[in-house]
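Colleague: Got a structure for you, written out below as structure tokens; questions coming shortly.
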2 protein chains.
Amino acid sequence: VNEGRRAPVAFGVDIGGTKVLGVAVDHTDAVVGEARVGTPASAADPAGTVAGAAAAVADAVAEVVAALGHEAGAGADPASPVGVGVPGMLDRDGVLRFSPNLRGAVGADMRALVAARLPLSELLVENDANCAAVAEHRSGAARGADDAVVVTLGTGIGGGLIGAGRVVVGAHGFAGEIGHMLVDPSGPPCPCGRRGCWERFASGGGLGRLAREAAGAGRLGDVVTLAGGDPELVWGEHVTQAALSGDAGSLEVMDELAWWVALGLANLTAVLDVERFVIAGGLAEAGEILLGPTRRAFAELVEGSGARPRVEIVRAAYGERAGAAGAAMAARDGGLW
Amino acid sequence: VNEGRRAPVAFGVDIGGTKVLGVAVDHTDAVVGEARVGTPASAADPAGTVAGAAAAVADAVAEVVAALGHEAGAGADPASPVGVGVPGMLDRDGVLRFSPNLRGAVGADMRALVAARLPLSELLVENDANCAAVAEHRSGAARGADDAVVVTLGTGIGGGLIGAGRVVVGAHGFAGEIGHMLVDPSGPPCPCGRRGCWERFASGGGLGRLAREAAGAGRLGDVVTLAGGDPELVWGEHVTQAALSGDAGSLEVMDELAWWVALGLANLTAVLDVERFVIAGGLAEAGEILLGPTRRAFAELVEGSGARPRVEIVRAAYGERAGAAGAAMAARDGGLW
């Protein structure tokens, strides 16, 4: 083995709500290649056929893997292991059982569909958040923390749990659906069919709602202008951008968001005695303007705050590539641990 | 070894808010002896000295162990292992770090204090809910369920987590504080210093509050009479008794309680993918009038209900002795697993 060559040894693909992102990793867990395509529109469409939606998603995965192999050129083994991270509850046979973000494909055997398109590869298909936890725990920001949670704050909230140094998968492989802890029974409805789930408050979608409330109350004048003059057109991204530029009203909205983020982290700490939270996903891009107030709110919200050793809240190392990179590592190493 | 002799091989003591309960277990995990004393009043008194309260609690533990040994007579080895379950966050050195129910003793090294009084015994001191989980998982209602939670619904709520077949202790031994998940930010204040903890709703204390609300609204006529005519004097026990006799208003209150119990179980299922909940503690005495509506509410409240294998919700086998019995088993076997 030529240690300096940095040849890809595995490919990982993360199926997201808007894009299908692939990476190649080498034997040191470094990302040495990347490819992406848009997520097929049928994936989120509950009105289409499951077979059609699932096939379109599997096609997209195969397309990304082909692009990664092409990019790697002669350095890639066509039989390289491939890991695929899927957003939702995947049972141990690889069937997608529940997925608000991939609802068109619910019921499909994702493992078989991808395997049919990549007959040469050793294939691993797992929940996306568990894959992200693998990457961060092995070689990212959760390294050395054997009781950690990787929290992906995106459109919704995903969770990958590390307990006693291993990925916690639960009885059927569904563990880590942390975004669907109910935290306010009178809260807004959730696509999952209930009300007041944590991800209604502490995600990108939650930020948008907090932002529109603040805009409607006249607290976000400059941001409304930025968004074209209509408070209803204010999105989370506008607020994050404005907060990064120091806009006071936007910083207040980020503080509100941080309070809700901290509430869920406090609940997880009560249940699991977590030593480190690793924040991933789109909202992690906000960096310290979110993490700083989250740490302060967490200190107030966690049970037994003064009695506990400090719980770390840090930003993910692999960023938006954590799911894909972890899928590749797990495929290369033959499993989630 | 004489298999038929049923000699006690270990003693276990559970320090509760009202009583210190001890049991002797034999090599088959059967309970073969019992003793109890009242919890010293100083244990809950934040105004007394820590040393005094902790010494009084340790004295009570030693008194119970002596009574168990006396009861067992010549059949007991004076050096039998002793396990002690403590209500609260105990760090890995045995120091009580946080305990709403034993607040007078917070800061004390409980392990050292008990060890000084039982110099001959092999001693194990652990969180009470973790001990209960050991008993139920090894030989009780959680047997065979490797992802289970033992939920103790008493004055508050305690939790013992089993994950992949082992007790989940977390980073510092504090895991399982499930009663302090925040489930309603506008909920009633909790002795822990925050608002809207799950145990404000789904415990014996929560039942009392729901009952007084119902009594104040005139929905519990017979129960108010039973309680002496004053709605403010209605307690959870009155409602449980009346519900067991078929009182319609009381059954409605039990349904409300069940909804809150189910909400927390749903949250734990989302996070941990639990296959079985074992309900222990005083409220478990209500049996099916609580567990039936809890199962129905759970089916509505859990994420992805239709897609998941059924989650079992059953009553504890060791009842109020689970903590003491599990402490004895763990002491006998040299640890929580």
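Going through the structure tokens in order, the chains are called A, B, and so on, while each chain numbers its residues from 1 and the ligands are numbered from 1 in the order shown.
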Is it possible to get the superposed chain B, fitted on chain A over all Cα pairs by sequence order, as an mmCIF file with C-alpha atoms, in the first residue's frame?

Modeller:
data_model
loop_
_atom_site.group_PDB
_atom_site.id
_atom_site.type_symbol
_atom_site.label_atom_id
_atom_site.label_comp_id
_atom_site.auth_asym_id
_atom_site.auth_seq_id
_atom_site.Cartn_x
_atom_site.Cartn_y
_atom_site.Cartn_z
ATOM 1 C CA VAL B 1 0.072 -0.011 0.306
ATOM 2 C CA ASN B 2 1.357 3.356 -0.840
ATOM 3 C CA GLU B 3 0.491 5.561 2.162
ATOM 4 C CA GLY B 4 0.907 8.820 0.266
ATOM 5 C CA ARG B 5 -1.360 7.991 -2.625
ATOM 6 C CA ARG B 6 -4.709 9.040 -1.173
ATOM 7 C CA ALA B 7 -6.646 6.733 -3.417
ATOM 8 C CA PRO B 8 -10.320 6.516 -2.574
ATOM 9 C CA VAL B 9 -11.036 3.273 -0.780
ATOM 10 C CA ALA B 10 -14.789 3.716 -0.342
ATOM 11 C CA PHE B 11 -17.664 5.826 -1.594
ATOM 12 C CA GLY B 12 -20.467 7.228 0.507
ATOM 13 C CA VAL B 13 -23.761 8.741 -0.603
ATOM 14 C CA ASP B 14 -26.152 10.780 1.544
ATOM 15 C CA ILE B 15 -29.712 11.073 0.265
ATOM 16 C CA GLY B 16 -30.970 14.469 1.397
ATOM 17 C CA GLY B 17 -34.219 16.332 0.936
ATOM 18 C CA THR B 18 -32.772 18.565 -1.772
ATOM 19 C CA LYS B 19 -29.604 16.838 -2.983
ATOM 20 C CA VAL B 20 -27.932 13.450 -3.202
ATOM 21 C CA LEU B 21 -24.365 14.072 -2.072
ATOM 22 C CA GLY B 22 -21.527 11.629 -2.577
ATOM 23 C CA VAL B 23 -17.955 11.583 -1.295
ATOM 24 C CA ALA B 24 -14.941 9.359 -1.691
ATOM 25 C CA VAL B 25 -12.861 8.707 1.425
ATOM 26 C CA ASP B 26 -9.360 7.326 1.680
ATOM 27 C CA HIS B 27 -7.930 4.995 4.323
ATOM 28 C CA THR B 28 -7.263 7.938 6.680
ATOM 29 C CA ASP B 29 -10.954 9.011 6.634
ATOM 30 C CA ALA B 30 -10.083 12.074 4.551
ATOM 31 C CA VAL B 31 -12.595 13.158 1.897
ATOM 32 C CA VAL B 32 -10.795 12.906 -1.455
ATOM 33 C CA GLY B 33 -13.665 13.358 -3.905
ATOM 34 C CA GLU B 34 -17.190 14.719 -4.150
ATOM 35 C CA ALA B 35 -20.189 14.565 -6.491
ATOM 36 C CA ARG B 36 -23.829 15.568 -6.239
ATOM 37 C CA VAL B 37 -27.136 15.541 -8.076
ATOM 38 C CA GLY B 38 -30.539 16.974 -7.157
ATOM 39 C CA THR B 39 -32.925 14.710 -5.250
ATOM 40 C CA PRO B 40 -35.588 13.463 -7.690
ATOM 41 C CA ALA B 41 -38.807 15.403 -7.176
ATOM 42 C CA SER B 42 -40.766 12.158 -6.962
ATOM 43 C CA ALA B 43 -38.918 11.231 -3.741
ATOM 44 C CA ALA B 44 -41.031 13.583 -1.646
ATOM 45 C CA ASP B 45 -44.266 13.091 -3.561
ATOM 46 C CA PRO B 46 -46.742 10.890 -1.705
ATOM 47 C CA ALA B 47 -49.023 10.877 -4.774
ATOM 48 C CA GLY B 48 -46.643 9.036 -7.139
ATOM 49 C CA THR B 49 -45.858 5.328 -7.086
ATOM 50 C CA VAL B 50 -43.476 3.968 -4.473
ATOM 51 C CA ALA B 51 -41.671 1.891 -7.078
ATOM 52 C CA GLY B 52 -41.143 4.907 -9.323
ATOM 53 C CA ALA B 53 -39.908 7.192 -6.569
ATOM 54 C CA ALA B 54 -37.622 4.590 -5.044
ATOM 55 C CA ALA B 55 -36.167 3.674 -8.457
ATOM 56 C CA ALA B 56 -35.490 7.356 -9.191
ATOM 57 C CA VAL B 57 -33.678 7.712 -5.865
ATOM 58 C CA ALA B 58 -31.649 4.533 -6.461
ATOM 59 C CA ASP B 59 -30.784 5.797 -9.958
ATOM 60 C CA ALA B 60 -29.520 9.051 -8.429
ATOM 61 C CA VAL B 61 -27.355 7.106 -5.982
ATOM 62 C CA ALA B 62 -25.855 5.039 -8.820
ATOM 63 C CA GLU B 63 -25.274 8.210 -10.861
ATOM 64 C CA VAL B 64 -23.365 9.814 -7.971
ATOM 65 C CA VAL B 65 -21.270 6.673 -7.415
ATOM 66 C CA ALA B 66 -20.429 6.568 -11.138
ATOM 67 C CA ALA B 67 -19.380 10.217 -11.033
ATOM 68 C CA LEU B 68 -17.167 9.568 -8.008
ATOM 69 C CA GLY B 69 -15.548 6.624 -9.777
ATOM 70 C CA HIS B 70 -15.044 8.704 -12.895
ATOM 71 C CA GLU B 71 -13.494 11.510 -10.846
ATOM 72 C CA ALA B 72 -11.129 9.072 -9.160
ATOM 73 C CA GLY B 73 -10.123 7.652 -12.538
ATOM 74 C CA ALA B 74 -7.707 4.762 -12.523
ATOM 75 C CA GLY B 75 -7.148 5.182 -8.778
ATOM 76 C CA ALA B 76 -10.558 3.732 -7.925
ATOM 77 C CA ASP B 77 -11.424 0.085 -7.638
ATOM 78 C CA PRO B 78 -14.772 -0.470 -9.413
ATOM 79 C CA ALA B 79 -15.673 -2.850 -6.607
ATOM 80 C CA SER B 80 -15.010 -0.255 -3.891
ATOM 81 C CA PRO B 81 -17.404 -0.500 -0.958
ATOM 82 C CA VAL B 82 -20.381 1.885 -1.145
ATOM 83 C CA GLY B 83 -22.285 3.198 1.847
ATOM 84 C CA VAL B 84 -25.654 4.922 1.509
ATOM 85 C CA GLY B 85 -27.255 7.128 4.177
ATOM 86 C CA VAL B 86 -31.040 7.285 3.988
ATOM 87 C CA PRO B 87 -33.179 9.898 5.792
ATOM 88 C CA GLY B 88 -35.782 8.007 7.760
ATOM 89 C CA MET B 89 -36.525 4.831 9.605
ATOM 90 C CA LEU B 90 -34.929 1.954 7.760
ATOM 91 C CA ASP B 91 -35.517 -1.495 9.137
ATOM 92 C CA ARG B 92 -32.767 -4.051 9.448
ATOM 93 C CA ASP B 93 -33.632 -5.540 6.058
ATOM 94 C CA GLY B 94 -33.106 -2.183 4.335
ATOM 95 C CA VAL B 95 -36.792 -1.366 3.823
ATOM 96 C CA LEU B 96 -37.728 2.290 4.330
ATOM 97 C CA ARG B 97 -40.486 2.228 6.929
ATOM 98 C CA PHE B 98 -41.096 5.916 7.672
ATOM 99 C CA SER B 99 -39.619 9.043 6.164
ATOM 100 C CA PRO B 100 -41.206 12.502 6.135
ATOM 101 C CA ASN B 101 -38.403 13.664 3.784
ATOM 102 C CA LEU B 102 -38.532 10.725 1.387
ATOM 103 C CA ARG B 103 -42.163 9.891 1.686
ATOM 104 C CA GLY B 104 -42.623 8.873 -1.930
ATOM 105 C CA ALA B 105 -40.330 5.903 -1.367
ATOM 106 C CA VAL B 106 -41.759 4.596 1.911
ATOM 107 C CA GLY B 107 -42.230 0.837 1.726
ATOM 108 C CA ALA B 108 -39.445 0.282 -0.805
ATOM 109 C CA ASP B 109 -36.537 -2.059 -0.221
ATOM 110 C CA MET B 110 -33.841 0.569 -0.696
ATOM 111 C CA ARG B 111 -31.025 -1.880 -0.100
ATOM 112 C CA ALA B 112 -32.159 -4.186 -2.908
ATOM 113 C CA LEU B 113 -32.817 -1.311 -5.319
ATOM 114 C CA VAL B 114 -29.366 0.182 -4.848
ATOM 115 C CA ALA B 115 -27.686 -3.250 -4.881
ATOM 116 C CA ALA B 116 -29.267 -4.011 -8.268
ATOM 117 C CA ARG B 117 -27.579 -0.902 -9.680
ATOM 118 C CA LEU B 118 -24.163 -1.522 -8.081
ATOM 119 C CA PRO B 119 -23.711 -5.275 -8.484
ATOM 120 C CA LEU B 120 -19.946 -5.207 -7.977
ATOM 121 C CA SER B 121 -19.865 -3.176 -4.787
ATOM 122 C CA GLU B 122 -20.019 -4.228 -1.209
ATOM 123 C CA LEU B 123 -23.038 -2.254 -0.082
ATOM 124 C CA LEU B 124 -24.135 -0.807 3.242
ATOM 125 C CA VAL B 125 -27.444 1.066 3.580
ATOM 126 C CA GLU B 126 -28.107 2.791 6.897
ATOM 127 C CA ASN B 127 -29.903 5.723 8.452
ATOM 128 C CA ASP B 128 -28.191 8.973 7.432
ATOM 129 C CA ALA B 129 -27.830 10.334 10.957
ATOM 130 C CA ASN B 130 -26.204 7.123 12.162
ATOM 131 C CA CYS B 131 -23.721 7.476 9.304
ATOM 132 C CA ALA B 132 -22.967 11.064 10.328
ATOM 133 C CA ALA B 133 -22.338 9.854 13.878
ATOM 134 C CA VAL B 134 -19.840 7.295 12.585
ATOM 135 C CA ALA B 135 -17.851 9.970 10.736
ATOM 136 C CA GLU B 136 -17.817 12.463 13.600
ATOM 137 C CA HIS B 137 -17.044 9.842 16.242
ATOM 138 C CA ARG B 138 -14.269 8.101 14.341
ATOM 139 C CA SER B 139 -12.489 11.085 12.896
ATOM 140 C CA GLY B 140 -14.420 14.275 13.536
ATOM 141 C CA ALA B 141 -15.672 16.441 16.369
ATOM 142 C CA ALA B 142 -17.008 13.579 18.502
ATOM 143 C CA ARG B 143 -13.676 11.796 18.567
ATOM 144 C CA GLY B 144 -12.825 10.633 22.071
ATOM 145 C CA ALA B 145 -16.361 11.228 23.377
ATOM 146 C CA ASP B 146 -17.919 7.848 23.977
ATOM 147 C CA ASP B 147 -21.308 9.261 24.987
ATOM 148 C CA ALA B 148 -22.096 11.779 22.297
ATOM 149 C CA VAL B 149 -24.938 12.847 20.043
ATOM 150 C CA VAL B 150 -24.491 14.207 16.541
ATOM 151 C CA VAL B 151 -27.423 16.571 16.002
ATOM 152 C CA THR B 152 -28.154 17.510 12.409
ATOM 153 C CA LEU B 153 -30.076 20.783 12.333
ATOM 154 C CA GLY B 154 -31.380 20.998 8.793
ATOM 155 C CA THR B 155 -34.907 21.275 7.415
ATOM 156 C CA GLY B 156 -35.749 18.925 10.267
ATOM 157 C CA ILE B 157 -33.554 17.441 13.006
ATOM 158 C CA GLY B 158 -31.699 14.147 12.773
ATOM 159 C CA GLY B 159 -29.772 12.437 15.502
ATOM 160 C CA GLY B 160 -26.976 9.905 15.628
ATOM 161 C CA LEU B 161 -26.293 8.518 19.087
ATOM 162 C CA ILE B 162 -22.989 7.204 20.371
ATOM 163 C CA GLY B 163 -23.285 5.284 23.648
ATOM 164 C CA ALA B 164 -20.325 3.701 25.398
ATOM 165 C CA GLY B 165 -18.390 4.228 22.186
ATOM 166 C CA ARG B 166 -20.793 2.545 19.772
ATOM 167 C CA VAL B 167 -23.620 3.705 17.526
ATOM 168 C CA VAL B 168 -26.921 3.200 19.334
ATOM 169 C CA VAL B 169 -29.376 1.655 16.876
ATOM 170 C CA GLY B 170 -32.141 0.503 19.214
ATOM 171 C CA ALA B 171 -34.413 -2.494 18.943
ATOM 172 C CA HIS B 172 -35.171 -2.207 15.215
ATOM 173 C CA GLY B 173 -32.564 0.233 13.927
ATOM 174 C CA PHE B 174 -34.823 3.272 14.446
ATOM 175 C CA ALA B 175 -33.017 5.004 17.336
ATOM 176 C CA GLY B 176 -32.015 8.647 17.061
ATOM 177 C CA GLU B 177 -35.295 10.162 15.867
ATOM 178 C CA ILE B 178 -34.584 12.998 18.273
ATOM 179 C CA GLY B 179 -36.368 15.670 16.225
ATOM 180 C CA HIS B 180 -39.636 13.985 17.117
ATOM 181 C CA MET B 181 -39.439 14.347 20.852
ATOM 182 C CA LEU B 182 -42.621 16.234 21.772
ATOM 183 C CA VAL B 183 -41.585 19.372 23.637
ATOM 184 C CA ASP B 184 -44.795 21.408 23.577
ATOM 185 C CA PRO B 185 -48.179 19.709 23.275
ATOM 186 C CA SER B 186 -49.732 22.992 22.113
ATOM 187 C CA GLY B 187 -46.992 23.571 19.513
ATOM 188 C CA PRO B 188 -47.386 23.743 15.735
ATOM 189 C CA PRO B 189 -48.326 20.667 13.703
ATOM 190 C CA CYS B 190 -45.508 18.491 12.359
ATOM 191 C CA PRO B 191 -45.441 16.607 9.035
ATOM 192 C CA CYS B 192 -45.114 13.439 11.145
ATOM 193 C CA GLY B 193 -48.770 13.890 12.085
ATOM 194 C CA ARG B 194 -48.396 15.166 15.636
ATOM 195 C CA ARG B 195 -47.887 18.542 17.302
ATOM 196 C CA GLY B 196 -45.010 20.268 19.038
ATOM 197 C CA CYS B 197 -42.109 18.066 17.940
ATOM 198 C CA TRP B 198 -38.695 19.504 18.767
ATOM 199 C CA GLU B 199 -37.889 19.924 15.078
ATOM 200 C CA ARG B 200 -40.818 22.324 14.664
ATOM 201 C CA PHE B 201 -38.834 24.741 16.873
ATOM 202 C CA ALA B 202 -35.129 24.061 16.623
ATOM 203 C CA SER B 203 -34.565 23.373 12.905
ATOM 204 C CA GLY B 204 -34.193 25.495 9.799
ATOM 205 C CA GLY B 205 -37.969 25.321 9.483
ATOM 206 C CA GLY B 206 -38.317 26.449 13.090
ATOM 207 C CA LEU B 207 -35.976 29.363 12.489
ATOM 208 C CA GLY B 208 -38.117 30.448 9.533
ATOM 209 C CA ARG B 209 -41.225 30.393 11.725
ATOM 210 C CA LEU B 210 -39.534 32.374 14.522
ATOM 211 C CA ALA B 211 -38.243 34.806 11.895
ATOM 212 C CA ARG B 212 -41.664 35.374 10.324
ATOM 213 C CA GLU B 213 -43.164 35.917 13.783
ATOM 214 C CA ALA B 214 -40.473 38.501 14.547
ATOM 215 C CA ALA B 215 -40.894 40.098 11.120
ATOM 216 C CA GLY B 216 -44.654 40.271 11.549
ATOM 217 C CA ALA B 217 -44.091 42.003 14.903
ATOM 218 C CA GLY B 218 -41.839 44.572 13.227
ATOM 219 C CA ARG B 219 -38.627 43.372 14.883
ATOM 220 C CA LEU B 220 -36.798 42.570 11.638
ATOM 221 C CA GLY B 221 -37.087 45.719 9.480
ATOM 222 C CA ASP B 222 -33.824 45.352 7.574
ATOM 223 C CA VAL B 223 -34.318 41.662 7.006
ATOM 224 C CA VAL B 224 -37.801 42.172 5.611
ATOM 225 C CA THR B 225 -36.357 44.684 3.158
ATOM 226 C CA LEU B 226 -33.700 42.102 2.256
ATOM 227 C CA ALA B 227 -36.425 39.515 1.667
ATOM 228 C CA GLY B 228 -38.285 41.793 -0.735
ATOM 229 C CA GLY B 229 -40.552 43.681 1.652
ATOM 230 C CA ASP B 230 -42.969 40.927 2.685
ATOM 231 C CA PRO B 231 -42.582 39.521 6.232
ATOM 232 C CA GLU B 232 -44.059 36.229 4.999
ATOM 233 C CA LEU B 233 -41.119 35.845 2.612
ATOM 234 C CA VAL B 234 -38.491 35.949 5.369
ATOM 235 C CA TRP B 235 -36.596 32.674 5.571
ATOM 236 C CA GLY B 236 -34.138 31.280 8.053
ATOM 237 C CA GLU B 237 -31.254 32.006 5.699
ATOM 238 C CA HIS B 238 -32.051 35.722 5.656
ATOM 239 C CA VAL B 239 -31.952 35.854 9.430
ATOM 240 C CA THR B 240 -28.746 33.846 9.673
ATOM 241 C CA GLN B 241 -27.064 36.141 7.151
ATOM 242 C CA ALA B 242 -28.285 39.295 8.874
ATOM 243 C CA ALA B 243 -27.277 37.965 12.292
ATOM 244 C CA LEU B 244 -23.779 37.210 11.000
ATOM 245 C CA SER B 245 -23.620 40.881 9.911
ATOM 246 C CA GLY B 246 -24.624 41.982 13.410
ATOM 247 C CA ASP B 247 -28.310 42.859 12.912
ATOM 248 C CA ALA B 248 -29.745 43.150 16.446
ATOM 249 C CA GLY B 249 -33.235 41.867 15.630
ATOM 250 C CA SER B 250 -31.788 38.836 13.857
ATOM 251 C CA LEU B 251 -29.457 38.083 16.754
ATOM 252 C CA GLU B 252 -32.516 38.080 19.035
ATOM 253 C CA VAL B 253 -34.197 35.549 16.779
ATOM 254 C CA MET B 254 -31.043 33.407 16.873
ATOM 255 C CA ASP B 255 -31.200 33.553 20.683
ATOM 256 C CA GLU B 256 -34.786 32.295 20.578
ATOM 257 C CA LEU B 257 -33.729 29.497 18.246
ATOM 258 C CA ALA B 258 -30.800 28.698 20.544
ATOM 259 C CA TRP B 259 -33.182 28.368 23.516
ATOM 260 C CA TRP B 260 -35.157 25.716 21.668
ATOM 261 C CA VAL B 261 -32.011 23.937 20.502
ATOM 262 C CA ALA B 262 -30.770 23.899 24.102
ATOM 263 C CA LEU B 263 -34.089 22.535 25.388
ATOM 264 C CA GLY B 264 -33.771 19.407 23.264
ATOM 265 C CA LEU B 265 -30.099 18.973 24.136
ATOM 266 C CA ALA B 266 -31.050 19.252 27.822
ATOM 267 C CA ASN B 267 -33.663 16.525 27.377
ATOM 268 C CA LEU B 268 -31.156 14.253 25.684
ATOM 269 C CA THR B 269 -28.651 14.914 28.459
ATOM 270 C CA ALA B 270 -31.189 14.012 31.139
ATOM 271 C CA VAL B 271 -31.931 10.715 29.399
ATOM 272 C CA LEU B 272 -28.474 9.736 28.124
ATOM 273 C CA ASP B 273 -25.897 11.700 30.164
ATOM 274 C CA VAL B 274 -24.207 13.008 27.042
ATOM 275 C CA GLU B 275 -20.703 14.435 27.336
ATOM 276 C CA ARG B 276 -20.545 16.141 23.930
ATOM 277 C CA PHE B 277 -23.030 17.356 21.338
ATOM 278 C CA VAL B 278 -21.780 17.768 17.794
ATOM 279 C CA ILE B 279 -23.939 20.144 15.777
ATOM 280 C CA ALA B 280 -24.147 19.449 12.055
ATOM 281 C CA GLY B 281 -26.485 20.432 9.237
ATOM 282 C CA GLY B 282 -27.270 23.742 7.574
ATOM 283 C CA LEU B 283 -27.821 25.658 10.812
ATOM 284 C CA ALA B 284 -24.328 24.737 12.017
ATOM 285 C CA GLU B 285 -23.103 27.203 9.370
ATOM 286 C CA ALA B 286 -24.279 29.968 11.698
ATOM 287 C CA GLY B 287 -21.419 28.957 14.016
ATOM 288 C CA GLU B 288 -20.968 30.841 17.273
ATOM 289 C CA ILE B 289 -23.981 33.146 16.828
ATOM 290 C CA LEU B 290 -26.007 29.975 17.360
ATOM 291 C CA LEU B 291 -23.656 27.857 19.492
ATOM 292 C CA GLY B 292 -22.796 30.622 21.989
ATOM 293 C CA PRO B 293 -26.393 31.326 23.059
ATOM 294 C CA THR B 294 -27.150 27.590 22.871
ATOM 295 C CA ARG B 295 -24.438 26.897 25.460
ATOM 296 C CA ARG B 296 -25.791 29.634 27.761
ATOM 297 C CA ALA B 297 -29.388 28.442 27.473
ATOM 298 C CA PHE B 298 -28.288 24.831 27.962
ATOM 299 C CA ALA B 299 -26.633 25.711 31.271
ATOM 300 C CA GLU B 300 -30.004 27.004 32.487
ATOM 301 C CA LEU B 301 -32.111 24.229 31.010
ATOM 302 C CA VAL B 302 -30.205 21.086 31.903
ATOM 303 C CA GLU B 303 -31.214 19.265 35.087
ATOM 304 C CA GLY B 304 -28.622 19.469 37.845
ATOM 305 C CA SER B 305 -26.583 21.985 35.898
ATOM 306 C CA GLY B 306 -24.243 22.919 38.733
ATOM 307 C CA ALA B 307 -23.655 19.292 39.686
ATOM 308 C CA ARG B 308 -22.706 17.997 36.242
ATOM 309 C CA PRO B 309 -19.357 18.148 34.513
ATOM 310 C CA ARG B 310 -19.653 20.611 31.643
ATOM 311 C CA VAL B 311 -21.288 19.242 28.521
ATOM 312 C CA GLU B 312 -19.529 20.319 25.334
ATOM 313 C CA ILE B 313 -21.508 21.722 22.411
ATOM 314 C CA VAL B 314 -19.321 21.922 19.309
ATOM 315 C CA ARG B 315 -19.631 22.184 15.568
ATOM 316 C CA ALA B 316 -19.296 19.134 13.325
ATOM 317 C CA ALA B 317 -15.969 18.608 11.593
ATOM 318 C CA TYR B 318 -17.341 16.978 8.425
ATOM 319 C CA GLY B 319 -20.061 19.587 7.936
ATOM 320 C CA GLU B 320 -22.655 18.669 5.323
ATOM 321 C CA ARG B 321 -20.466 15.735 4.249
ATOM 322 C CA ALA B 322 -20.731 13.876 7.559
ATOM 323 C CA GLY B 323 -23.494 11.519 6.442
ATOM 324 C CA ALA B 324 -21.803 10.595 3.168
ATOM 325 C CA ALA B 325 -18.341 10.288 4.730
ATOM 326 C CA GLY B 326 -19.626 8.110 7.571
ATOM 327 C CA ALA B 327 -21.528 5.909 5.134
ATOM 328 C CA ALA B 328 -18.286 5.385 3.204
ATOM 329 C CA MET B 329 -16.298 4.597 6.373
ATOM 330 C CA ALA B 330 -18.940 2.160 7.600
ATOM 331 C CA ALA B 331 -19.070 0.442 4.200
ATOM 332 C CA ARG B 332 -15.290 0.202 4.109
ATOM 333 C CA ASP B 333 -15.121 -1.225 7.631
ATOM 334 C CA GLY B 334 -18.057 -3.590 7.310
ATOM 335 C CA GLY B 335 -20.619 -1.944 9.576
ATOM 336 C CA LEU B 336 -21.525 0.980 11.814
ATOM 337 C CA TRP B 337 -18.736 0.070 14.263
#

Colleague: Pick out each residue of region 13-234 of chain A that DSSP on the backbone tags as alpha helix (DSSP H); I need them as number ranges by chain.

Modeller: A: 50-72, 110-117, 128-139, 199-202, 204-216, 221-226
